[in-house]
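Visitor: Sending over coords.cif (mmCIF, C-alpha atoms).
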```cif
data_query
loop_
_atom_site.group_PDB
_atom_site.id
_atom_site.type_symbol
_atom_site.label_atom_id
_atom_site.label_comp_id
_atom_site.auth_asym_id
_atom_site.auth_seq_id
_atom_site.Cartn_x
_atom_site.Cartn_y
_atom_site.Cartn_z
ATOM 1 C CA MET A 62 0.000 0.000 0.000
ATOM 2 C CA ASN A 63 1.293 3.442 -0.883
ATOM 3 C CA LEU A 64 0.147 7.054 -0.907
ATOM 4 C CA ARG A 65 -0.563 6.976 -4.640
ATOM 5 C CA GLN A 66 -3.047 4.157 -4.156
ATOM 6 C CA LEU A 67 -4.759 6.034 -1.321
ATOM 7 C CA SER A 68 -5.018 9.184 -3.461
ATOM 8 C CA TYR A 69 -6.481 7.227 -6.398
ATOM 9 C CA PHE A 70 -8.917 5.420 -4.104
ATOM 10 C CA ILE A 71 -10.207 8.685 -2.571
ATOM 11 C CA ALA A 72 -10.548 10.298 -6.007
ATOM 12 C CA VAL A 73 -12.638 7.374 -7.337
ATOM 13 C CA ALA A 74 -14.779 7.373 -4.182
ATOM 14 C CA GLU A 75 -15.490 11.099 -4.475
ATOM 15 C CA GLN A 76 -16.038 11.139 -8.256
ATOM 16 C CA ARG A 77 -17.999 7.843 -8.259
ATOM 17 C CA SER A 78 -16.220 7.118 -11.532
ATOM 18 C CA ILE A 79 -12.807 5.739 -12.525
ATOM 19 C CA ILE A 80 -12.913 7.791 -15.733
ATOM 20 C CA LYS A 81 -13.620 11.061 -13.919
ATOM 21 C CA ALA A 82 -11.000 10.253 -11.277
ATOM 22 C CA ALA A 83 -8.418 9.635 -14.003
ATOM 23 C CA GLN A 84 -9.280 12.966 -15.648
ATOM 24 C CA LEU A 85 -9.012 14.757 -12.294
ATOM 25 C CA LEU A 86 -5.643 13.146 -11.600
ATOM 26 C CA HIS A 87 -4.418 13.702 -15.166
ATOM 27 C CA ILE A 88 -3.494 10.048 -15.631
ATOM 28 C CA SER A 89 -4.856 7.191 -17.725
ATOM 29 C CA GLN A 90 -7.908 5.178 -16.738
ATOM 30 C CA PRO A 91 -6.012 1.834 -16.788
ATOM 31 C CA ALA A 92 -3.436 3.237 -14.346
ATOM 32 C CA VAL A 93 -6.185 4.086 -11.860
ATOM 33 C CA SER A 94 -7.880 0.709 -12.318
ATOM 34 C CA THR A 95 -4.577 -1.139 -11.790
ATOM 35 C CA GLN A 96 -3.799 0.662 -8.536
ATOM 36 C CA ILE A 97 -7.318 0.121 -7.171
ATOM 37 C CA LYS A 98 -7.057 -3.590 -8.003
ATOM 38 C CA LEU A 99 -3.674 -3.858 -6.228
ATOM 39 C CA LEU A 100 -5.135 -2.102 -3.184
ATOM 40 C CA GLU A 101 -8.099 -4.485 -3.058
ATOM 41 C CA GLU A 102 -5.782 -7.469 -3.349
ATOM 42 C CA GLU A 103 -3.642 -6.271 -0.468
ATOM 43 C CA LEU A 104 -6.649 -5.527 1.747
ATOM 44 C CA GLU A 105 -8.390 -8.731 0.595
ATOM 45 C CA VAL A 106 -11.725 -6.934 0.277
ATOM 46 C CA GLN A 107 -13.728 -5.426 -2.573
ATOM 47 C CA LEU A 108 -13.775 -1.642 -2.245
ATOM 48 C CA PHE A 109 -16.095 -0.708 -5.155
ATOM 49 C CA GLU A 110 -19.105 -2.050 -6.975
ATOM 50 C CA ARG A 111 -19.292 -1.177 -10.675
ATOM 51 C CA ARG A 112 -22.895 -0.237 -11.504
ATOM 52 C CA GLN A 113 -24.618 1.507 -14.376
ATOM 53 C CA ASP A 114 -25.051 4.626 -12.222
ATOM 54 C CA GLY A 115 -21.364 4.734 -11.260
ATOM 55 C CA THR A 116 -18.596 3.176 -9.200
ATOM 56 C CA ILE A 117 -20.014 2.863 -5.704
ATOM 57 C CA LEU A 118 -18.217 2.114 -2.439
ATOM 58 C CA THR A 119 -18.945 -1.198 -0.747
ATOM 59 C CA PRO A 120 -19.509 -1.180 3.044
ATOM 60 C CA GLU A 121 -15.834 -2.162 3.412
ATOM 61 C CA GLY A 122 -14.875 0.643 1.029
ATOM 62 C CA LYS A 123 -16.821 3.199 3.075
ATOM 63 C CA GLU A 124 -14.989 2.095 6.238
ATOM 64 C CA PHE A 125 -11.606 2.217 4.517
ATOM 65 C CA LEU A 126 -12.338 5.699 3.088
ATOM 66 C CA SER A 127 -12.273 7.276 6.559
ATOM 67 C CA TYR A 128 -8.873 5.724 7.299
ATOM 68 C CA ALA A 129 -7.459 6.794 3.941
ATOM 69 C CA ARG A 130 -8.553 10.401 4.468
ATOM 70 C CA VAL A 131 -7.026 10.466 7.975
ATOM 71 C CA ALA A 132 -3.737 9.121 6.580
ATOM 72 C CA LEU A 133 -3.496 11.769 3.863
ATOM 73 C CA ASP A 134 -4.648 14.562 6.190
ATOM 74 C CA THR A 135 -1.971 13.560 8.686
ATOM 75 C CA LEU A 136 0.670 13.632 5.983
ATOM 76 C CA ASP A 137 -0.456 17.077 4.825
ATOM 77 C CA ALA A 138 -0.292 18.365 8.406
ATOM 78 C CA ALA A 139 3.243 16.987 8.787
ATOM 79 C CA LYS A 140 4.367 18.698 5.588
ATOM 80 C CA ALA A 141 2.846 22.009 6.695
ATOM 81 C CA SER A 142 4.527 21.774 10.098
ATOM 82 C CA LEU A 143 7.945 21.065 8.610
ATOM 83 C CA ARG A 144 7.591 23.935 6.163
ATOM 84 C CA ALA A 145 6.709 26.229 9.054
ATOM 85 C CA HIS A 146 9.865 25.127 10.879
ATOM 86 C CA GLN A 147 11.917 26.118 7.862
ATOM 87 C CA VAL A 148 10.606 29.670 8.132
ATOM 88 C CA THR A 149 10.216 30.133 11.883
ATOM 89 C CA GLU A 150 12.334 28.342 14.470
ATOM 90 C CA VAL A 151 10.324 26.759 17.282
ATOM 91 C CA GLY A 152 11.196 24.690 20.322
ATOM 92 C CA THR A 153 13.174 24.891 23.558
ATOM 93 C CA VAL A 154 16.922 25.519 23.721
ATOM 94 C CA THR A 155 19.008 25.240 26.903
ATOM 95 C CA VAL A 156 22.308 27.137 26.913
ATOM 96 C CA GLY A 157 25.168 26.977 29.417
ATOM 97 C CA ILE A 158 27.108 30.141 30.309
ATOM 98 C CA PRO A 159 29.922 30.310 32.901
ATOM 99 C CA GLY A 160 29.336 32.487 35.945
ATOM 100 C CA SER A 161 31.811 35.216 34.975
ATOM 101 C CA LEU A 162 30.172 35.645 31.558
ATOM 102 C CA SER A 163 26.571 35.208 32.682
ATOM 103 C CA PRO A 164 25.954 38.797 33.895
ATOM 104 C CA LEU A 165 27.389 40.045 30.619
ATOM 105 C CA LEU A 166 25.423 37.822 28.222
ATOM 106 C CA THR A 167 22.394 36.130 29.794
ATOM 107 C CA LEU A 168 19.771 38.883 29.827
ATOM 108 C CA SER A 169 20.838 40.180 26.415
ATOM 109 C CA LEU A 170 20.609 36.648 25.003
ATOM 110 C CA ILE A 171 17.084 36.171 26.361
ATOM 111 C CA GLU A 172 15.987 39.548 25.001
ATOM 112 C CA GLN A 173 17.479 38.982 21.555
ATOM 113 C CA VAL A 174 16.028 35.483 21.214
ATOM 114 C CA ARG A 175 12.559 36.715 22.124
ATOM 115 C CA GLN A 176 12.875 39.615 19.723
ATOM 116 C CA GLN A 177 14.330 37.715 16.769
ATOM 117 C CA CYS A 178 12.801 34.245 17.326
ATOM 118 C CA PRO A 179 9.554 34.487 19.323
ATOM 119 C CA GLY A 180 8.846 30.803 18.696
ATOM 120 C CA ILE A 181 11.905 29.720 20.686
ATOM 121 C CA LYS A 182 11.727 29.148 24.439
ATOM 122 C CA ILE A 183 15.190 29.670 25.927
ATOM 123 C CA LYS A 184 16.643 28.459 29.208
ATOM 124 C CA VAL A 185 20.056 29.609 30.447
ATOM 125 C CA VAL A 186 22.028 27.524 32.940
ATOM 126 C CA THR A 187 24.927 29.134 34.811
ATOM 127 C CA GLY A 188 27.697 27.109 36.432
ATOM 128 C CA LEU A 189 31.349 26.212 36.535
ATOM 129 C CA SER A 190 32.890 25.466 33.169
ATOM 130 C CA GLY A 191 33.576 21.822 34.087
ATOM 131 C CA HIS A 192 29.988 21.302 35.201
ATOM 132 C CA LEU A 193 28.659 22.810 31.976
ATOM 133 C CA ALA A 194 30.827 20.450 29.919
ATOM 134 C CA ARG A 195 29.353 17.428 31.721
ATOM 135 C CA TRP A 196 25.798 18.730 31.269
ATOM 136 C CA ILE A 197 26.386 19.153 27.539
ATOM 137 C CA MET A 198 27.578 15.560 27.259
ATOM 138 C CA ASP A 199 24.614 14.103 29.148
ATOM 139 C CA GLY A 200 22.087 16.205 27.209
ATOM 140 C CA THR A 201 20.967 18.439 30.085
ATOM 141 C CA ILE A 202 21.909 21.466 27.988
ATOM 142 C CA ASP A 203 22.185 21.763 24.209
ATOM 143 C CA PHE A 204 25.454 23.692 24.004
ATOM 144 C CA GLY A 205 27.404 26.189 26.036
ATOM 145 C CA LEU A 206 30.386 28.426 26.544
ATOM 146 C CA VAL A 207 33.304 26.876 28.436
ATOM 147 C CA TYR A 208 36.798 27.985 29.391
ATOM 148 C CA ASP A 209 40.250 26.597 28.596
ATOM 149 C CA SER A 210 39.023 23.294 27.233
ATOM 150 C CA ALA A 211 41.586 20.638 26.417
ATOM 151 C CA THR A 212 40.600 17.682 24.267
ATOM 152 C CA GLN A 213 37.727 15.928 26.005
ATOM 153 C CA SER A 214 36.106 12.738 24.773
ATOM 154 C CA GLY A 215 32.485 13.263 23.789
ATOM 155 C CA LEU A 216 32.739 17.010 23.195
ATOM 156 C CA ASP A 217 33.676 19.218 20.263
ATOM 157 C CA PHE A 218 35.090 22.682 20.971
ATOM 158 C CA GLU A 219 35.405 25.789 18.857
ATOM 159 C CA LEU A 220 37.591 28.658 20.052
ATOM 160 C CA LEU A 221 35.710 31.983 20.065
ATOM 161 C CA MET A 222 38.064 34.357 21.866
ATOM 162 C CA LYS A 223 40.992 34.734 24.239
ATOM 163 C CA GLU A 224 41.060 37.088 27.218
ATOM 164 C CA HIS A 225 43.726 38.121 29.748
ATOM 165 C CA LEU A 226 43.262 38.078 33.501
ATOM 166 C CA PHE A 227 43.622 41.037 35.852
ATOM 167 C CA LEU A 228 44.407 41.655 39.487
ATOM 168 C CA ALA A 229 41.616 43.552 41.264
ATOM 169 C CA MET A 230 41.487 45.073 44.740
ATOM 170 C CA ASP A 231 39.979 47.882 46.786
ATOM 171 C CA ASN A 232 41.449 51.119 45.472
ATOM 172 C CA SER A 233 41.923 52.501 48.990
ATOM 173 C CA ASN A 234 44.238 49.581 49.825
ATOM 174 C CA ALA A 235 46.118 49.493 46.524
ATOM 175 C CA ASP A 236 49.031 51.867 47.178
ATOM 176 C CA ALA A 237 51.527 49.046 47.711
ATOM 177 C CA ILE A 238 50.279 47.277 44.580
ATOM 178 C CA LYS A 239 50.512 50.439 42.506
ATOM 179 C CA GLU A 240 54.172 50.747 43.437
ATOM 180 C CA MET A 241 54.771 47.307 41.904
ATOM 181 C CA CYS A 242 52.986 48.225 38.684
ATOM 182 C CA VAL A 243 54.543 49.460 35.474
ATOM 183 C CA HIS A 244 53.235 51.273 32.399
ATOM 184 C CA SER A 245 51.264 53.973 34.218
ATOM 185 C CA ASN A 246 50.028 51.640 36.937
ATOM 186 C CA ASP A 247 48.095 49.404 34.527
ATOM 187 C CA SER A 248 50.145 46.196 34.644
ATOM 188 C CA ILE A 249 51.844 44.061 37.269
ATOM 189 C CA ALA A 250 54.430 41.323 36.827
ATOM 190 C CA PHE A 251 53.164 37.866 37.742
ATOM 191 C CA ALA A 252 56.125 37.366 40.093
ATOM 192 C CA ASN A 253 54.895 40.238 42.261
ATOM 193 C CA LEU A 254 51.624 38.415 42.997
ATOM 194 C CA ARG A 255 53.443 36.363 45.648
ATOM 195 C CA HIS A 256 53.407 39.479 47.830
ATOM 196 C CA VAL A 257 49.614 39.979 47.513
ATOM 197 C CA PRO A 258 47.067 38.345 49.858
ATOM 198 C CA LEU A 259 44.377 36.804 47.638
ATOM 199 C CA VAL A 260 40.781 35.711 47.762
ATOM 200 C CA MET A 261 40.238 33.127 45.005
ATOM 201 C CA PRO A 262 37.741 30.503 43.841
ATOM 202 C CA SER A 263 38.261 26.963 45.116
ATOM 203 C CA ARG A 264 40.595 24.569 43.287
ATOM 204 C CA GLU A 265 37.612 23.008 41.458
ATOM 205 C CA HIS A 266 37.122 26.303 39.635
ATOM 206 C CA GLY A 267 38.727 26.571 36.174
ATOM 207 C CA LEU A 268 40.119 30.057 36.833
ATOM 208 C CA ARG A 269 41.887 28.879 39.980
ATOM 209 C CA ALA A 270 43.370 25.920 38.123
ATOM 210 C CA LEU A 271 44.639 28.238 35.389
ATOM 211 C CA VAL A 272 46.284 30.576 37.913
ATOM 212 C CA GLU A 273 47.791 27.679 39.859
ATOM 213 C CA LYS A 274 49.251 26.265 36.654
ATOM 214 C CA ALA A 275 50.895 29.610 35.870
ATOM 215 C CA SER A 276 52.158 29.829 39.437
ATOM 216 C CA ALA A 277 53.734 26.380 39.274
ATOM 217 C CA ALA A 278 55.377 27.176 35.936
ATOM 218 C CA ALA A 279 56.869 30.371 37.397
ATOM 219 C CA GLY A 280 57.943 28.667 40.619
ATOM 220 C CA ILE A 281 55.870 31.059 42.719
ATOM 221 C CA LYS A 282 53.659 30.238 45.694
ATOM 222 C CA LEU A 283 50.575 32.415 45.891
ATOM 223 C CA ASP A 284 49.164 33.642 49.197
ATOM 224 C CA VAL A 285 45.524 32.499 48.913
ATOM 225 C CA ARG A 286 43.888 33.362 52.233
ATOM 226 C CA THR A 287 40.200 33.024 51.378
ATOM 227 C CA GLU A 288 38.246 30.835 48.919
ATOM 228 C CA LEU A 289 34.921 31.918 47.375
ATOM 229 C CA ASP A 290 33.389 30.553 44.165
ATOM 230 C CA ALA A 291 30.816 33.273 43.388
ATOM 231 C CA HIS A 292 32.542 36.187 41.662
ATOM 232 C CA GLU A 293 30.059 38.674 43.149
ATOM 233 C CA LEU A 294 31.161 37.564 46.618
ATOM 234 C CA LEU A 295 34.783 37.674 45.539
ATOM 235 C CA LEU A 296 34.455 41.362 44.744
ATOM 236 C CA GLU A 297 32.458 42.020 47.904
ATOM 237 C CA ARG A 298 35.271 40.410 49.896
ATOM 238 C CA VAL A 299 37.817 42.513 48.017
ATOM 239 C CA LEU A 300 36.009 45.725 48.949
ATOM 240 C CA ARG A 301 35.722 44.666 52.600
ATOM 241 C CA SER A 302 39.316 43.568 53.085
ATOM 242 C CA THR A 303 42.938 44.064 52.059
ATOM 243 C CA GLU A 304 42.770 40.941 49.863
ATOM 244 C CA ALA A 305 42.884 41.110 46.076
ATOM 245 C CA THR A 306 41.532 38.688 43.499
ATOM 246 C CA ILE A 307 42.303 37.569 39.952
ATOM 247 C CA LEU A 308 39.564 37.709 37.342
ATOM 248 C CA SER A 309 38.629 38.728 33.811
ATOM 249 C CA LEU A 310 37.311 42.124 32.768
ATOM 250 C CA ALA A 311 34.070 40.399 31.721
ATOM 251 C CA ALA A 312 33.455 39.474 35.360
ATOM 252 C CA LEU A 313 33.564 43.177 36.224
ATOM 253 C CA LYS A 314 31.476 44.508 33.360
ATOM 254 C CA ASN A 315 27.981 44.250 34.850
ATOM 255 C CA ILE A 316 28.888 44.391 38.538
ATOM 256 C CA ARG A 317 27.574 47.606 40.063
ATOM 257 C CA ILE A 318 30.769 48.791 41.714
ATOM 258 C CA PRO A 319 31.966 52.356 41.090
ATOM 259 C CA HIS A 320 35.226 52.277 39.138
ATOM 260 C CA LYS A 321 36.859 54.590 41.671
ATOM 261 C CA GLU A 322 36.439 51.898 44.354
ATOM 262 C CA LEU A 323 38.249 49.164 42.441
ATOM 263 C CA PHE A 324 41.820 49.124 41.192
ATOM 264 C CA THR A 325 42.702 46.706 38.380
ATOM 265 C CA ALA A 326 46.079 45.789 36.921
ATOM 266 C CA HIS A 327 46.839 43.695 33.868
ATOM 267 C CA ILE A 328 48.929 40.656 34.866
ATOM 268 C CA VAL A 329 52.037 40.291 32.657
ATOM 269 C CA ASP A 330 55.370 38.458 32.438
ATOM 270 C CA PRO A 331 53.699 36.137 31.751
ATOM 271 C CA VAL A 332 50.121 37.062 30.966
ATOM 272 C CA ILE A 333 47.434 34.638 32.111
ATOM 273 C CA GLU A 334 45.322 33.933 29.049
ATOM 274 C CA ARG A 335 41.936 32.254 29.189
ATOM 275 C CA ARG A 336 40.260 30.717 26.147
ATOM 276 C CA VAL A 337 36.495 31.046 25.650
ATOM 277 C CA CYS A 338 35.092 28.180 23.571
ATOM 278 C CA VAL A 339 31.667 27.004 22.481
ATOM 279 C CA ALA A 340 31.131 23.312 23.213
ATOM 280 C CA TYR A 341 28.804 20.725 21.640
ATOM 281 C CA ALA A 342 28.196 17.023 22.181
ATOM 282 C CA SER A 343 30.122 15.099 19.517
ATOM 283 C CA ASP A 344 27.314 12.598 18.928
ATOM 284 C CA ARG A 345 24.386 15.033 19.041
ATOM 285 C CA PRO A 346 24.240 17.613 16.233
ATOM 286 C CA LEU A 347 22.561 20.895 17.090
ATOM 287 C CA THR A 348 18.992 21.326 15.901
ATOM 288 C CA ARG A 349 18.136 24.182 13.580
ATOM 289 C CA THR A 350 16.602 26.007 16.547
ATOM 290 C CA ALA A 351 19.704 25.549 18.737
ATOM 291 C CA ARG A 352 21.948 26.716 15.893
ATOM 292 C CA ARG A 353 19.898 29.904 15.631
ATOM 293 C CA VAL A 354 20.378 30.634 19.342
ATOM 294 C CA GLU A 355 24.087 29.903 19.024
ATOM 295 C CA VAL A 356 24.401 32.488 16.245
ATOM 296 C CA ILE A 357 22.733 35.093 18.472
ATOM 297 C CA LEU A 358 25.088 34.254 21.349
ATOM 298 C CA ARG A 359 28.136 34.586 19.094
ATOM 299 C CA ASP A 360 26.882 37.942 17.853
ATOM 300 C CA LEU A 361 26.436 39.205 21.423
ATOM 301 C CA LEU A 362 29.978 38.170 22.320
ATOM 302 C CA LYS A 363 31.284 39.948 19.219
ATOM 303 C CA THR A 364 29.265 43.074 20.062
ATOM 304 C CA GLU A 365 30.818 43.260 23.524
ATOM 305 C CA PHE A 366 34.283 42.765 22.057
ATOM 306 C CA ASP A 367 33.711 45.512 19.473
ATOM 307 C CA ALA A 368 32.589 47.929 22.213
ATOM 308 C CA GLY A 369 36.261 48.374 23.133
ATOM 309 C CA TRP A 370 36.168 47.859 26.911
ATOM 310 C CA TRP A 371 37.415 44.242 26.741
ATOM 311 C CA ARG A 372 41.116 45.127 26.831
ATOM 312 C CA PHE A 373 43.730 42.524 25.850
ATOM 313 C CA ALA A 374 41.056 40.233 24.406
ATOM 314 C CA THR A 375 41.177 38.819 20.880
ATOM 315 C CA MET A 376 38.383 37.306 18.792
ATOM 316 C CA ASN A 377 39.018 34.160 16.796
ATOM 317 C CA GLU A 378 37.903 35.249 13.316
#
```
Kindly transcribe the structure held in the file into structure tokens.
Guide:
Amino acid sequence: MNLRQLSYFIAVAEQRSIIKAAQLLHISQPAVSTQIKLLEEELEVQLFERRQDGTILTPEGKEFLSYARVALDTLDAAKASLRAHQVTEVGTVTVGIPGSLSPLLTLSLIEQVRQQCPGIKIKVVTGLSGHLARWIMDGTIDFGLVYDSATQSGLDFELLMKEHLFLAMDNSNADAIKEMCVHSNDSIAFANLRHVPLVMPSREHGLRALVEKASAAAGIKLDVRTELDAHELLLERVLRSTEATILSLAALKNIRIPHKELFTAHIVDPVIERRVCVAYASDRPLTRTARRVEVILRDLLKTEFDAGWWRFATMNE
């Protein structure tokens, strides 16, 4: 049984004539007769009675007509739905964004998706980069931004940008730090960080691991006195104490702290560079809807980069 046979059967039933059905379908009469005969043989029932007043449905034919119409109507509905998807993206997309980038991107992403793609329902999950990578692999989220990703089985990564890290502390306590800085007080040698009391994320945090790796390579032991994972609390601790922290400029962008209260210095010799990547599950291609959201997220990242405040960052073109 095929769709052609169902179409021919419905045409004959409605026209009450094989000849008229053939004319309507723009095919030969024998072709219609052959397909009706094959259909009857497969169903093992007679569908029509040939009378002088026309080709009339048998009781079995009348019953089968309702099923045939439902089958073709269902197919038409499926075609219409798929065509609609080609024009307007619909569905739910879950995106992962690390905590330091979330204040910068999350609300703008939600607003842009609703404006550009009203048929998409978006959910944003914020967490540590390592957690986001695991959630992408197990399907909890569709894709996400992650930091400093090495090769990881089950995930594909694409580098989007690189950013440098900065030392940040309460401006009123920064006189000693400023004396260590060079280039108009805007950069500090990594070796000098050993003299600075720090509040940092725990060792599970990707930023802490990156800083510890640089410290080990330089043969320097850092003075980490306090551990806090939430970057908002890190900055609150900085403003309430003599401790400094290490973070990216993106982590500072949407935090409501007057610039005069916070002193920042670019860490150099060597710089600490963090890579921002987009990650996908290797065995689960993105849907059309998820790809659309990903394009919007990339555009937002590029817009922030082009604004000029993201110093010592580079986009991967």
Visitor: Would you translate the PyMOL selection byres ((chain A and resi 280-290) around 6) into the concrete set of residues it matches in this file, as a PyMOL selection string?
Guide: chain A and resi 255+258-263+276-279+291
Visitor: Can you tell me how far CA of Ile357 (chain A) sits from CA of Ser163 (chain A), in Å to one decimal?
Guide: 14.7 Å
Visitor: Just give me the gap between CA of Ala139 (chain A) and CA of Pro346 (chain A) in Å, one decimal is fine.
Guide: 22.3 Å
Visitor: Between A:Leu216, A:Ile97, A:Val154, A:Ala141, which has the minimum distance to Ile181 (chain A) (counting only C-alpha atoms)?
Guide: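 That would be A:Val154, the residue with the smallest distance to Ile181 (chain A).
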Visitor: Out of A:Glu378, A:Glu304, A:Glu297, A:Asp114, which residue has the shortest atom-to-atom distance to Gln76 (chain A) when counting only C-alpha atoms?
Guide: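 For Gln76 (chain A), the nearest of the candidates is A:Asp114.
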Visitor: Quick one: which residues end up in the PyMOL selection byres ((chain A and resi 68) around 12) for this structure, as a ChimeraX atom specification?
Guide: /A:62-67,69-75,82-83,85-86,93,96-97,100,126,128-134,136
Visitor: Which one of A:Met241, A:Ala270, A:Gly115, A:Val106 sits closest to Lys81 (chain A) if you count only C-alpha atoms?
Guide: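 Using only C-alpha atoms, the shortest distance to Lys81 (chain A) belongs to A:Gly115.
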Visitor: Just say which residues the PyMOL selection byres ((chain A and resi 347) around 12) picks in this file, as a short mmCIF file (atom, residue, chain, number, x, y, z; two decimals) with C-alpha atoms, in the frame of the given file.
Guide:
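Result file out-v6.cif:
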```cif
data_model
loop_
_atom_site.label_atom_id
_atom_site.label_comp_id
_atom_site.auth_asym_id
_atom_site.auth_seq_id
_atom_site.Cartn_x
_atom_site.Cartn_y
_atom_site.Cartn_z
CA VAL A 154 16.92 25.52 23.72
CA THR A 155 19.01 25.24 26.90
CA VAL A 156 22.31 27.14 26.91
CA ILE A 197 26.39 19.15 27.54
CA GLY A 200 22.09 16.20 27.21
CA ILE A 202 21.91 21.47 27.99
CA ASP A 203 22.18 21.76 24.21
CA PHE A 204 25.45 23.69 24.00
CA GLY A 205 27.40 26.19 26.04
CA ASP A 217 33.68 19.22 20.26
CA ALA A 340 31.13 23.31 23.21
CA TYR A 341 28.80 20.72 21.64
CA ALA A 342 28.20 17.02 22.18
CA SER A 343 30.12 15.10 19.52
CA ASP A 344 27.31 12.60 18.93
CA ARG A 345 24.39 15.03 19.04
CA PRO A 346 24.24 17.61 16.23
CA THR A 348 18.99 21.33 15.90
CA ARG A 349 18.14 24.18 13.58
CA THR A 350 16.60 26.01 16.55
CA ALA A 351 19.70 25.55 18.74
CA ARG A 352 21.95 26.72 15.89
CA ARG A 353 19.90 29.90 15.63
CA VAL A 354 20.38 30.63 19.34
CA GLU A 355 24.09 29.90 19.02
CA VAL A 356 24.40 32.49 16.24
#
```
Visitor: From the options A:Glu219, A:Glu103, A:Glu110, A:Glu172, which residue's atoms come nearest to Leu361 (chain A), counting only C-alpha atoms?
Guide: A:Glu172
Visitor: Just checking: using all atoms listed in the file, which residue out of A:Leu313, A:Ile238, A:Val337, A:Ala275 ends up closest to Leu206 (chain A)?
Guide: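 When distances to Leu206 (chain A) are compared using all atoms listed in the file, the smallest one comes from A:Val337.
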Visitor: So how many Å separate CA of Glu150 (chain A) and CA of Cys178 (chain A), to one decimal?
Guide: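 It comes out at 6.6 Å.
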Visitor: Which residues, written as a ChimeraX atom specification, have at least one atom at most 10 Å from Met376 (chain A), with all atoms listed in the file counted and residues fewer than 4 positions away on the same chain left out?
Guide: /A:220-224,337,362-363,366-367
Visitor: Which residue is closest to Leu168 (chain A)? Choose from A:Val207, A:Val272, A:Leu358, A:Ala250 and count only C-alpha atoms.
Guide: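 Checking each candidate against Leu168 (chain A), we get A:Leu358 as the closest.
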Visitor: Residues within 10 Å of Ile171 (chain A), please, as JSON, numbers by chain. Count only C-alpha atoms; anything in the same chain fewer than 2 positions from it doesn't count.
Guide: {"A": [166, 167, 168, 169, 173, 174, 175, 176, 182, 183, 184, 185, 354, 357, 358]}
